[in-house]
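start-v7.pdb, holding PDB, C-alpha atoms:
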```pdb
ATOM      1  CA  GLY P  91       0.000   0.000   0.000
ATOM      2  CA  GLU P  92       0.853   3.673  -0.079
ATOM      3  CA  ASN P  93       3.462   5.030   2.338
ATOM      4  CA  VAL P  94       3.684   8.763   2.939
ATOM      5  CA  GLU P  95       6.621  10.380   4.676
ATOM      6  CA  GLN P  96       6.454  13.954   5.940
ATOM      7  CA  HIS P  97       9.181  16.374   7.024
ATOM      8  CA  PRO P  98       9.878  18.165   9.234
ATOM      9  CA  SER P  99       7.976  16.876  12.239
ATOM     10  CA  THR P 100       8.156  20.303  13.896
ATOM     11  CA  LEU P 101       8.652  23.729  12.383
ATOM     12  CA  SER P 102       8.923  27.084  14.114
ATOM     13  CA  VAL P 103       8.887  30.360  12.180
ATOM     14  CA  GLN P 104       8.534  34.042  12.908
ATOM     15  CA  GLU P 105       5.309  35.742  11.960
ATOM     16  CA  GLY P 106       5.551  36.935   8.382
ATOM     17  CA  ASP P 107       8.096  34.323   7.337
ATOM     18  CA  SER P 108       7.351  31.449   4.963
ATOM     19  CA  ALA P 109       6.926  27.819   5.952
ATOM     20  CA  VAL P 110       7.516  24.770   3.770
ATOM     21  CA  ILE P 111       6.462  21.211   4.563
ATOM     22  CA  LYS P 112       7.541  18.342   2.334
ATOM     23  CA  CYS P 113       6.066  14.915   1.715
ATOM     24  CA  THR P 114       7.080  11.913  -0.344
ATOM     25  CA  TYR P 115       4.903   9.015  -1.413
ATOM     26  CA  SER P 116       5.648   5.536  -2.644
ATOM     27  CA  ASP P 117       2.752   4.420  -4.832
ATOM     28  CA  SER P 118       2.993   5.696  -8.406
ATOM     29  CA  ALA P 119      -0.768   5.095  -8.756
ATOM     30  CA  SER P 120      -1.498   7.902  -6.293
ATOM     31  CA  ASN P 121      -2.893  10.922  -8.037
ATOM     32  CA  TYR P 122      -4.695  12.941  -5.379
ATOM     33  CA  PHE P 123      -2.748  14.825  -2.714
ATOM     34  CA  PRO P 124      -4.656  16.775  -0.050
ATOM     35  CA  TRP P 125      -3.369  18.736   2.905
ATOM     36  CA  TYR P 126      -5.234  18.891   6.197
ATOM     37  CA  LYS P 127      -4.838  21.318   9.070
ATOM     38  CA  GLN P 128      -5.621  20.257  12.620
ATOM     39  CA  GLU P 129      -5.766  22.952  15.260
ATOM     40  CA  LEU P 130      -5.308  21.951  18.859
ATOM     41  CA  GLY P 131      -8.257  19.924  20.084
ATOM     42  CA  LYS P 132     -10.094  20.166  16.788
ATOM     43  CA  ARG P 133     -10.767  17.886  13.865
ATOM     44  CA  PRO P 134      -8.560  17.859  10.743
ATOM     45  CA  GLN P 135      -9.870  20.041   7.938
ATOM     46  CA  LEU P 136      -8.908  20.190   4.290
ATOM     47  CA  ILE P 137      -7.021  23.337   3.361
ATOM     48  CA  ILE P 138      -5.853  22.598  -0.169
ATOM     49  CA  ASP P 139      -5.485  19.674  -2.519
ATOM     50  CA  ILE P 140      -3.825  18.937  -5.827
ATOM     51  CA  ARG P 141      -4.381  16.325  -8.492
ATOM     52  CA  SER P 142      -1.656  14.744 -10.555
ATOM     53  CA  ASN P 143      -2.502  16.576 -13.749
ATOM     54  CA  VAL P 144      -1.486  19.837 -12.088
ATOM     55  CA  GLY P 145       2.005  20.860 -10.987
ATOM     56  CA  GLU P 146       1.070  23.693  -8.703
ATOM     57  CA  LYS P 147      -2.009  25.126  -7.056
ATOM     58  CA  LYS P 148      -2.366  28.302  -5.045
ATOM     59  CA  ASP P 149      -5.036  29.640  -2.718
ATOM     60  CA  GLN P 150      -4.187  33.019  -1.216
ATOM     61  CA  ARG P 151      -1.207  32.455   1.119
ATOM     62  CA  ILE P 152      -1.161  28.692   0.628
ATOM     63  CA  ALA P 153       0.329  26.827  -2.302
ATOM     64  CA  VAL P 154       1.059  23.206  -3.064
ATOM     65  CA  THR P 155       3.534  21.874  -5.596
ATOM     66  CA  LEU P 156       3.739  18.350  -6.973
ATOM     67  CA  ASN P 157       6.607  16.529  -8.649
ATOM     68  CA  LYS P 158       5.229  13.207  -9.874
ATOM     69  CA  THR P 159       8.547  12.048 -11.246
ATOM     70  CA  ALA P 160      10.231  12.409  -7.887
ATOM     71  CA  LYS P 161       7.045  11.431  -6.000
ATOM     72  CA  HIS P 162       7.069  14.393  -3.709
ATOM     73  CA  PHE P 163       4.795  17.295  -2.963
ATOM     74  CA  SER P 164       5.119  20.320  -0.742
ATOM     75  CA  LEU P 165       2.974  22.817   1.115
ATOM     76  CA  HIS P 166       4.075  26.433   1.099
ATOM     77  CA  ILE P 167       2.617  29.014   3.460
ATOM     78  CA  THR P 168       3.676  32.607   2.905
ATOM     79  CA  GLU P 169       3.314  35.569   5.282
ATOM     80  CA  THR P 170       2.604  33.251   8.177
ATOM     81  CA  GLN P 171       0.308  34.389  10.959
ATOM     82  CA  PRO P 172      -0.135  33.068  14.525
ATOM     83  CA  GLU P 173      -3.432  31.471  13.502
ATOM     84  CA  ASP P 174      -1.483  29.272  11.080
ATOM     85  CA  SER P 175      -0.102  27.449  14.129
ATOM     86  CA  ALA P 176      -1.422  23.885  13.921
ATOM     87  CA  VAL P 177      -0.495  20.373  12.874
ATOM     88  CA  TYR P 178      -0.475  19.898   9.113
ATOM     89  CA  PHE P 179      -0.952  16.499   7.488
ATOM     90  CA  CYS P 180      -0.245  15.571   3.913
ATOM     91  CA  ALA P 181      -1.974  12.603   2.334
ATOM     92  CA  ALA P 182      -1.990  10.612  -0.869
ATOM     93  CA  THR P 183      -4.401   8.280  -2.594
ATOM     94  CA  ALA P 184      -5.502   7.191  -6.009
ATOM     95  CA  TYR P 185      -8.305   9.450  -7.143
ATOM     96  CA  ASN P 186     -10.689   6.550  -7.563
ATOM     97  CA  ASN P 187      -9.940   5.160  -4.138
ATOM     98  CA  ASN P 188     -10.812   6.198  -0.615
ATOM     99  CA  ASP P 189      -7.728   4.555   0.850
ATOM    100  CA  MET P 190      -6.280   7.860   2.040
ATOM    101  CA  ARG P 191      -2.857   7.508   3.642
ATOM    102  CA  PHE P 192      -1.517  10.338   5.784
ATOM    103  CA  GLY P 193       1.933  11.521   6.737
ATOM    104  CA  ALA P 194       2.899  11.685  10.403
ATOM    105  CA  GLY P 195       2.181  15.411  10.588
ATOM    106  CA  THR P 196       4.141  18.636  11.035
ATOM    107  CA  ARG P 197       3.566  20.819  14.063
ATOM    108  CA  LEU P 198       3.924  24.399  12.854
ATOM    109  CA  THR P 199       4.405  27.163  15.401
ATOM    110  CA  VAL P 200       4.262  30.772  14.257
ATOM    111  CA  LYS P 201       5.824  33.116  16.787
ATOM    112  CA  PRO P 202       4.361  36.621  16.959
TER
ATOM    113  CA  LYS K 168     -26.306  20.238   7.419
ATOM    114  CA  ALA K 169     -25.031  18.377  10.456
ATOM    115  CA  GLY K 170     -21.396  17.314  10.457
ATOM    116  CA  VAL K 171     -19.916  13.933  11.192
ATOM    117  CA  THR K 172     -20.979  12.746  14.628
ATOM    118  CA  GLN K 173     -18.999  10.308  16.720
ATOM    119  CA  THR K 174     -20.050   8.672  19.968
ATOM    120  CA  PRO K 175     -18.953   8.307  22.632
ATOM    121  CA  ARG K 176     -16.502  11.225  22.773
ATOM    122  CA  TYR K 177     -14.523   9.827  25.678
ATOM    123  CA  LEU K 178     -14.290   6.396  27.201
ATOM    124  CA  ILE K 179     -12.069   4.479  29.563
ATOM    125  CA  LYS K 180     -11.641   0.733  29.360
ATOM    126  CA  THR K 181      -9.365  -1.839  30.917
ATOM    127  CA  ARG K 182      -7.116  -4.295  29.161
ATOM    128  CA  GLY K 183      -8.935  -7.280  27.739
ATOM    129  CA  GLN K 184     -12.257  -5.503  27.351
ATOM    130  CA  GLN K 185     -13.851  -4.666  24.047
ATOM    131  CA  VAL K 186     -15.208  -1.370  22.773
ATOM    132  CA  THR K 187     -17.606  -0.228  20.072
ATOM    133  CA  LEU K 188     -17.423   3.256  18.562
ATOM    134  CA  SER K 189     -20.106   4.796  16.423
ATOM    135  CA  CYS K 190     -19.983   7.248  13.522
ATOM    136  CA  SER K 191     -22.827   9.009  11.747
ATOM    137  CA  PRO K 192     -21.675  10.554   8.450
ATOM    138  CA  ILE K 193     -22.888  13.739   6.880
ATOM    139  CA  SER K 194     -26.285  13.223   5.316
ATOM    140  CA  GLY K 195     -25.848  11.920   1.796
ATOM    141  CA  HIS K 196     -22.276  10.742   2.324
ATOM    142  CA  ARG K 197     -21.924   7.062   1.646
ATOM    143  CA  SER K 198     -18.258   6.460   2.398
ATOM    144  CA  VAL K 199     -16.950   6.211   5.944
ATOM    145  CA  SER K 200     -13.288   5.843   6.868
ATOM    146  CA  TRP K 201     -11.739   5.235  10.274
ATOM    147  CA  TYR K 202      -8.373   6.464  11.489
ATOM    148  CA  GLN K 203      -6.351   5.999  14.643
ATOM    149  CA  GLN K 204      -4.494   9.095  15.792
ATOM    150  CA  THR K 205      -1.659   8.879  18.279
ATOM    151  CA  PRO K 206       1.069  11.427  19.064
ATOM    152  CA  GLY K 207       3.926  11.077  16.621
ATOM    153  CA  GLN K 208       2.129   8.529  14.434
ATOM    154  CA  GLY K 209      -0.240  10.838  12.670
ATOM    155  CA  LEU K 210      -3.394   9.395  11.204
ATOM    156  CA  GLN K 211      -3.214   5.661  10.715
ATOM    157  CA  PHE K 212      -5.774   4.254   8.291
ATOM    158  CA  LEU K 213      -7.935   1.505   9.751
ATOM    159  CA  PHE K 214     -10.572   0.772   7.119
ATOM    160  CA  GLU K 215     -13.088   2.305   4.783
ATOM    161  CA  TYR K 216     -16.671   1.339   4.047
ATOM    162  CA  PHE K 217     -18.964   2.134   1.179
ATOM    163  CA  SER K 218     -22.435   0.728   0.655
ATOM    164  CA  GLU K 219     -22.059  -1.575   3.665
ATOM    165  CA  THR K 220     -18.909  -3.154   2.193
ATOM    166  CA  GLN K 221     -15.359  -2.791   3.431
ATOM    167  CA  ARG K 222     -13.439  -1.468   0.418
ATOM    168  CA  ASN K 223     -10.030  -0.882   1.969
ATOM    169  CA  LYS K 224      -8.197  -1.998   5.077
ATOM    170  CA  GLY K 225      -5.065  -0.747   6.795
ATOM    171  CA  ASN K 226      -2.384  -2.702   8.618
ATOM    172  CA  PHE K 227      -4.129  -3.346  11.888
ATOM    173  CA  PRO K 228      -4.662  -6.702  13.631
ATOM    174  CA  GLY K 229      -7.924  -8.585  13.359
ATOM    175  CA  ARG K 230      -8.957  -7.255  16.773
ATOM    176  CA  PHE K 231     -10.006  -4.132  14.897
ATOM    177  CA  SER K 232     -13.177  -4.573  12.920
ATOM    178  CA  GLY K 233     -15.983  -2.489  11.593
ATOM    179  CA  ARG K 234     -19.219  -2.440   9.735
ATOM    180  CA  GLN K 235     -21.531  -0.071   7.944
ATOM    181  CA  PHE K 236     -25.288  -0.062   8.036
ATOM    182  CA  SER K 237     -27.764   0.640   5.263
ATOM    183  CA  ASN K 238     -28.148   4.244   6.473
ATOM    184  CA  SER K 239     -24.352   4.694   6.086
ATOM    185  CA  ARG K 240     -23.762   4.860   9.824
ATOM    186  CA  SER K 241     -20.678   2.921  10.808
ATOM    187  CA  GLU K 242     -19.309   1.237  13.865
ATOM    188  CA  MET K 243     -15.845   0.015  14.700
ATOM    189  CA  ASN K 244     -15.044  -2.543  17.319
ATOM    190  CA  VAL K 245     -11.826  -3.299  19.109
ATOM    191  CA  SER K 246     -11.695  -6.563  21.017
ATOM    192  CA  THR K 247      -9.237  -7.682  23.683
ATOM    193  CA  LEU K 248      -8.023  -4.146  24.297
ATOM    194  CA  GLU K 249      -4.339  -3.484  24.828
ATOM    195  CA  LEU K 250      -2.654  -0.468  26.411
ATOM    196  CA  GLY K 251      -1.353   0.531  22.980
ATOM    197  CA  ASP K 252      -4.894   0.927  21.705
ATOM    198  CA  SER K 253      -5.214   4.165  23.667
ATOM    199  CA  ALA K 254      -5.739   6.795  20.988
ATOM    200  CA  LEU K 255      -8.121   9.203  19.356
ATOM    201  CA  TYR K 256     -10.251   7.348  16.832
ATOM    202  CA  LEU K 257     -11.415   9.568  14.027
ATOM    203  CA  CYS K 258     -14.166   8.847  11.590
ATOM    204  CA  ALA K 259     -14.383  10.652   8.268
ATOM    205  CA  SER K 260     -17.089  10.665   5.651
ATOM    206  CA  SER K 261     -16.985  11.541   1.993
ATOM    207  CA  LEU K 262     -19.531  11.789  -0.724
ATOM    208  CA  ALA K 263     -18.749   8.747  -2.792
ATOM    209  CA  TRP K 264     -16.264   6.087  -3.778
ATOM    210  CA  GLY K 265     -14.711   5.262  -7.083
ATOM    211  CA  VAL K 266     -15.543   8.569  -8.660
ATOM    212  CA  GLY K 267     -13.058  10.726  -6.819
ATOM    213  CA  ALA K 268     -14.304  11.126  -3.311
ATOM    214  CA  GLY K 269     -12.195  14.183  -2.697
ATOM    215  CA  GLU K 270     -12.491  15.844   0.680
ATOM    216  CA  LEU K 271     -12.782  13.843   3.864
ATOM    217  CA  PHE K 272     -14.966  15.395   6.553
ATOM    218  CA  PHE K 273     -13.814  14.356   9.999
ATOM    219  CA  GLY K 274     -15.731  13.926  13.197
ATOM    220  CA  GLU K 275     -14.384  15.172  16.521
ATOM    221  CA  GLY K 276     -13.225  11.704  17.422
ATOM    222  CA  SER K 277     -13.638   9.201  20.226
ATOM    223  CA  ARG K 278     -10.820   9.322  22.727
ATOM    224  CA  LEU K 279     -10.177   5.852  24.106
ATOM    225  CA  THR K 280      -8.038   5.294  27.174
ATOM    226  CA  VAL K 281      -7.072   1.740  28.047
ATOM    227  CA  LEU K 282      -5.909   1.159  31.617
TER
END
```
This entry written out as structure tokens:
Amino acid sequence: GENVEQHPSTLSVQEGDSAVIKCTYSDSASNYFPWYKQELGKRPQLIIDIRSNVGEKKDQRIAVTLNKTAKHFSLHITETQPEDSAVYFCAATAYNNNDMRFGAGTRLTVKP
Amino acid sequence: KAGVTQTPRYLIKTRGQQVTLSCSPISGHRSVSWYQQTPGQGLQFLFEYFSETQRNKGNFPGRFSGRQFSNSRSEMNVSTLELGDSALYLCASSLAWGVGAGELFFGEGSRLTVL
């Protein structure tokens, strides 16, 4: 099955700086790559996703890039704010499959 | 529209006991997935159900089982509980299966403590 690795496990940045979280996946059949944000004590929520026919997708301060050849994808957060502090999970699955496999998570702390 | 509802929210069991957790998906969602969340391990996939059939299964022992009812509600059961089963169990629903389910909508989870 799919195996997703995520780095770093913790990330601390100053408010206004950028943050980058990287993930690699193993299954070449995977073609859907979502990112979830989990604030302390809350449920994970989708923040952005990308499909394999797209190399990059942006939504305001958040962007995701995908390199299918290298089997890695990254989350980029620009102009970070304290409310961006949370645990971020990447995931991968085949688009026609609900077998969603998650990375171990990255705890992002944005210092004011 | 009501979100994903999980019950109970908290429970304490002792080793050797069994536990049943319940998940009611968003109305109209037919796929239900279960995840185990522990510190440092992220979200570990347990299994996924669609139309009362288990479609996918993660790498968990047979003590972990589940089922889905005709109204899409799902239950998971853990028998012969071990200390290592202490975790937050998250249920997630999505609209469909096999046509690009897309976003998973998570419940708030059932926090299980095994003593």
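Counting from atom CA of Leu210 of chain K, the distance to atom CA of Ser198 of chain K is 17.5 Å.
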(message) Taking all atoms listed in the file into account, find every residue of chain P that has an atom no more than 9 Å from chain K, and write it out as a ChimeraX atom specification.
(response) /P:91,99,122,124,131-136,139,179,184-195
(message) Restricting the calculation to only C-alpha atoms: of K:Leu262, K:Ile179, K:Gln185, K:Gly229, which residue gets closest to Leu282 of chain K?
(response) K:Ile179
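Nearest residue to Asn238 of chain K among K:Leu279, K:Leu250, K:Leu255, K:Ile193 is K:Ile193, counting all atoms listed in the file.
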(message) So the first atom is atom CA of Asp252 of chain K and the second is atom CA of Val281 of chain K; what is the distance between them in Å, to one decimal place?
(response)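 Atom CA of Val281 of chain K lies at a distance of 6.8 Å from atom CA of Asp252 of chain K.
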(request) Work out how far apart atom CA of Ala181 of chain P and atom CA of Arg230 of chain K are and give it in Å to one decimal. (result)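 Between these atoms lies a distance of 25.5 Å.
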(message) When you count all atoms listed in the file, which of these residues is closest to Thr247 of chain K: K:Pro192, K:Trp201, K:Gln173, K:Arg182?
(response)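 The closest residue to Thr247 of chain K is K:Arg182.
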Return as JSON the centre and edge lengths, in Å with one decimal, of the box along x, y and z that encloses every atom of segment 228-236 of chain K in the file, padded by 8 Å per side.
```
{"center_x": -15.0, "center_y": -4.3, "center_z": 12.4, "size_x": 36.6, "size_y": 24.5, "size_z": 24.8}
```
(request) Write out as a ChimeraX atom specification the residues lying within 9 Å of Lys161 of chain P, counting only C-alpha atoms and excluding same-chain residues fewer than 3 positions away. (result) /P:113-118,156-158
(request) Counting only C-alpha atoms, find the residues whose atoms lie at most 7 Å from (0.8, 21.1, 1.2) (file coordinates) and write them out as a list in words. (result)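 Residues lying no farther than 7 Å from the given point: Ile111, Trp125, Ile138, Ala153, Val154, Phe163, Ser164, Leu165, His166 and Cys180 of chain P.
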(message) At a cut-off of 10 Å, using all atoms listed in the file, what residues contact Glu129 of chain P? Leave out same-chain residues fewer than 6 positions from it and give the result as a list in words.
(response)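 Contacts, with the query itself left out: Gln135, Glu173, Asp174, Ser175, Ala176, Val177, Tyr178 and Arg197 of chain P.
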(request) Do a neighbour search on Ser232 of chain K at 7 Å with only C-alpha atoms, toss out local chain neighbours closer than 5 positions, and write the hits as a PyMOL selection string. (result) chain K and resi 243-245
(request) Tell me which of K:Phe227, K:Gln235, K:Gln221, K:Leu188 sits closest to Tyr256 of chain K, counting only C-alpha atoms. (result)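 Closest to Tyr256 of chain K of all the choices is K:Leu188.
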